[in-house]
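**Student:** Dropping a structure here in structure tokens format, bear with me for questions.
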Amino acid sequence: MPSQAAIERKLNREKAARQAAEKLLEEKSLELFHANQKLELALKQVEQRSEASFKRLELQQRVEKILIYFGRLFLRTNIDDVLLLDVVRQLDEISDSIKCSITLVPDTVPSLKLSSYVSGSPHQVSEGDTLINASIPLEVEQKKIGSINLIVSQSSVDLAFVHSQMSLVGELLSSSIYRNLINLRLVESKERAEASERATREFLAMINHELRTPLNGLLGSVELLADTQLTDSQRDLHQNLSQSGLMLRTIINDLLDFSKINAGMLELIDSEFRWHNINTMLKSIFEHKATEKQLKFSIDSQCLDDKIICADQERMTQVFVNLLGNAVKFTDRGEVSLKIEERGDNYVFRIIDTGIGISQSAQEKLFQPFTQADRSSSRNYEGTGLGLAICKRLVELMGGKISLSSELGVGTAFEVTLPLRVEAAKTYLKRSENASSAAVDLSTMKILVVDDIKLNQVIITKMLSKLAISPDVAVNGVEAVDCARKHRYDLIFMDCRMPVMDGFEATRILRSEHYQNPIVALTAGTTREERQTCFEVGMDDILSKPYTAKDLVKTLEKWNPNSV
């Protein structure tokens with residue numbers, strides 16, 4: 001039997017063990033309580049983070065939709081007040097916790113008339129909310145032109161995140177406004193360029209008319225004077241007057257042609273002709289001058305003698321007149337020659353002289369306008385310095401090229417390469433080409449001359465009188481229309497620029513009344529637009545001032561009803 005002491009010791013041990021177990025249970029319960037509290041706190045934090053993430057995601061998606069929608073819209077159209085108000089309205093709807101508006105510096109964007117853009121409906125603010133103001137700058141070309149203004153409830157959304165998203169909208173608006181400004185500047189630049197081009201064209205048309213009209217009177221008078229009885233002294237004066245008039249015409253043509261080339265108004269007018277036409281003109285101009293200077297002058301054109309050329313005869317002639325003119329001018333001994341040879345599909349024209357030559361430094365700028373090898377006040381050779389610049393432009397317009405080689409004291413050789421369209425003369429058929437003027441009786445033609453300038457009336461009337469033609473004369477379009485209604489004319493020479501009614505309007509009226517007979521523009525205007533207008537209103541041909549008696553006869557033969 002255990003003793004009483006042993007039983008007590010056993011009971012004490014069990015009691016101590018029970019107390020220890022109770023203490024341990026109490027500690028574990030306390031730990032579990034604390035753990036539960038931490039878990040509840042963690043759950044609340046997770047819920048808050050999830051809600052914030054959801055709000056951030058929702059805000060981001062709404063902003064992205066706005067960026068995509070307006071990004072596409074701004075690419076199709078310029079930003080204006082209506083679009084900007086729509087931007088503010090949609091930004092205002094992305095969250096109840098964000099109030100948005102846009103302000104602009106007045107008059108910075110011409111297409112935007114307002115300076116403040118605010119949504120119409122204010123947001124409800126909960127009691128106790130902390131509201132924070134934020135601003136997103138709008139900058140164009142490093143200059144602030146306005147801002148996106150935000151009022152944000154700090155307790156509802158993350159301000160930094162809102163700021164980053166709204167900055168994207170600000171970048172879109174800034175780039176759209178910048179593109180709008182660029183477009184406006186481009187439109188203004190285009191309008192200024194068009195206005196400048198119109199002014200240039202109008203000035204060229206006006207100056208063309210104002211210079212060529214008196215030149216027509218001058219050269220026409222000189223030509224008519226040559227057929228009168230002159231004393232030797234008068235003949236010398238007439239020769240001086242004729243040479244000065246031709247020199248003046250060359251200078252005026254060079255200046256006007258250069259201006260027209262720069263303004264894009266010069267148009268090549270192709271026709272079919274024989275090289276013989278140019279050959280004859282070149283010899284008539286330079287053989288006498290070469291003889292006076294005791295120079296040998298020759299043209300070797302065998303490869304083109306039996307060909308018909310399709311090109312702008314006037315411009316080709318102008319090129320060779322300038323080049324041969326320079327060659328004769330700068331050559332005091334020896335010879336000047338023009339040699340033509342065929343190279344593949346091209347024809348090469350070589351103008352060779354034994355003149356003073358051109359230095360290497362002068363060659364580098366020789367084709368620049370208003371440039372001469374000797375520009376000093378004491379230079380021996382006169383000229384505008386435009387001839388070679390125009391030659392280069394004309395040759396390039398014809399699809400060719402021009403080059404030179406020269407040695408001081410030895411001479412110069414210019415080489416012009418042109419891709420000419422040619423055909424054998426035997427296959428060429430041209431109306432009235434082989435007909436002689438004697439076969440056509442021009443004296444039976446009934447002519448009306450319409451011109452407001454008395455001198456021009458006298459010139460053409462005297463030229464026609466040599467053909468036994470006595471024309472009727474009208475001084476403006478109104479008289480021309482009245483005459484054409486009362487009489488039947490074989491041909492009307494119609495000046496284009498006249499007071500009361502110009503030739504364009506008079507021609508329109510006559511054509512609207514089914515007037516069928518030929519009307520030839522008698523004009524000092526040679527621009528592409530004026531030529532086009534002549535044909536658009538119903539004119540059949542153009543006789544450009546200054547014209548010669550030969551030009552007049554050729555026109556009469558072309559439109560004589562008896563020559564068809």
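Within each chain, counting starts at residue 1; across the structure tokens, chains are named A, B, ... in the order shown, with ligands numbered 1 upward in that order.
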For range 389-403 of chain A, list every protein, DNA or RNA residue within 6 Å, evaluated using only C-alpha atoms, and leave out those in the same chain fewer than 3 positions away; present the list as a list in words.
**Tutor:**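 My reading of the contact set: Val319, Phe367, Gln368, Pro369, Leu386, Phe414, Glu415, Val416, Thr417 and Leu418 of chain A.
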**Student:** Pick out the residues sitting within 12 Å of Thr533 in chain A, and hand them over as a PyMOL selection string; count only C-alpha atoms, and ignore anything fewer than 2 positions along from it in its own chain.
**Tutor:** chain A and resi 496+503-505+507-508+521+523+525-531+535-542
**Student:** When distances are computed from only C-alpha atoms, which of A:Leu59, A:Leu215, A:Leu138, A:Val410 shows the smallest separation from Ala524 in chain A?
**Tutor:**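 Distance minimum relative to Ala524 in chain A lands on A:Leu215.
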**Student:** May I ask which of the residues A:Asp451, A:Ile459, A:Leu388, A:Tyr547 is the closest one to Val500 in chain A, counting only C-alpha atoms?
**Tutor:**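 Closest to Val500 in chain A of all the choices is A:Asp451.
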**Student:** Just to confirm, what's the straight-line distance from CA of Arg18 in chain A to CA of Ser3 in chain A in Å (one decimal)?
**Tutor:**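 Calculated distance between CA of Arg18 in chain A and CA of Ser3 in chain A is 22.9 Å.
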**Student:** Taking only C-alpha atoms into account, which of A:Leu25, A:Val336, A:Ile94, A:Val449 comes nearest Asp472 in chain A?
**Tutor:**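 Closest to Asp472 in chain A, using only C-alpha atoms: A:Val449.
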**Student:** For Thr291 in chain A, which residue among A:His276, A:Gln142, A:Leu24, A:Glu335 is the nearest when counting only C-alpha atoms?
**Tutor:**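 Looking at the shortest contact to Thr291 in chain A, the residue is A:Glu335.
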**Student:** Applying 12 Å and only C-alpha atoms, which residues near Arg62 in chain A remain after dropping the ones on its own chain fewer than 6 positions away? List them as an mmCIF file with C-alpha atoms, in the first residue's frame.
**Tutor:**
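Printed below is around.cif as written:
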data_model
loop_
_atom_site.group_PDB
_atom_site.id
_atom_site.type_symbol
_atom_site.label_atom_id
_atom_site.label_comp_id
_atom_site.auth_asym_id
_atom_site.auth_seq_id
_atom_site.Cartn_x
_atom_site.Cartn_y
_atom_site.Cartn_z
ATOM 1 C CA LYS A 55 -10.524 51.628 -59.475
ATOM 2 C CA ARG A 56 -7.090 52.206 -61.040
ATOM 3 C CA ILE A 68 -8.165 56.103 -78.778
ATOM 4 C CA TYR A 69 -11.429 57.838 -79.684
ATOM 5 C CA GLN A 90 -15.843 62.620 -71.204
ATOM 6 C CA LEU A 91 -12.938 63.237 -68.812
ATOM 7 C CA ASP A 92 -15.448 64.443 -66.249
ATOM 8 C CA GLU A 93 -17.380 61.177 -66.530
ATOM 9 C CA ILE A 94 -14.488 58.799 -65.858
ATOM 10 C CA SER A 95 -14.882 59.108 -62.059
ATOM 11 C CA VAL A 162 -4.640 60.187 -61.833
ATOM 12 C CA GLN A 165 -3.166 59.187 -66.759
ATOM 13 C CA MET A 166 -4.258 62.772 -67.345
ATOM 14 C CA VAL A 169 -4.492 63.217 -72.340
#
**Student:** Determine which residues of range 270-459 of chain A receive a DSSP assignment of strand (DSSP E), computed from the backbone, and state them as number ranges by chain.
**Tutor:** A: 271-274, 296-300, 307-311, 335-343, 346-353, 401-407, 411-418, 421-424, 447-450
**Student:** Find the distance between CA of Ser119 in chain A and CA of Arg89 in chain A and write it in Å to one decimal.
**Tutor:**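 Those two atoms sit 5.3 Å apart.
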**Student:** Got a sec: who's within 7 Å of Leu256 in chain A, counting only C-alpha atoms, leaving out chain neighbours fewer than 4 positions off, as number ranges by chain?
**Tutor:** A: 208, 252, 260
**Student:** Can you tell me, as an NGL selection string, which residues in range 237-368 of chain A count as alpha helix (DSSP H) by DSSP?
**Tutor:** :A and (237-262 or 275-292 or 313-329 or 360-363)
**Student:** Gly325 in chain A: which residues within 12 Å, counting only C-alpha atoms, same-chain residues fewer than 6 positions away excluded, as a PyMOL selection string?
**Tutor:** chain A and resi 247+250+282-283+285-287+289-290+297+317-319+331+336-338+351-353+381-383+387-388
**Student:** Rounded to one decimal in Å, what is the spacing between CA of Ile145 in chain A and CA of Ser175 in chain A?
**Tutor:**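 That distance, rounded to one decimal, is 12.0 Å.
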**Student:** Return the single residue from A:Arg488, A:Val450, A:Asn183, A:Trp275 that is closest to Val473 in chain A, with distances computed using only C-alpha atoms.
**Tutor:**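 Answer, going by the shortest atom-to-atom distance: A:Val450.
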**Student:** Please identify all polymer residues within 12 Å of Lys144 in chain A, counting only C-alpha atoms, omitting same-chain residues fewer than 6 positions from it, and present them as a list in words.
**Tutor:**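 Those residues are Thr103, Leu104, Val105, Pro106, Thr108, Val109, Ile136, Pro137, Leu138, Gly170, Ser174, Ile177 and Tyr178 of chain A.
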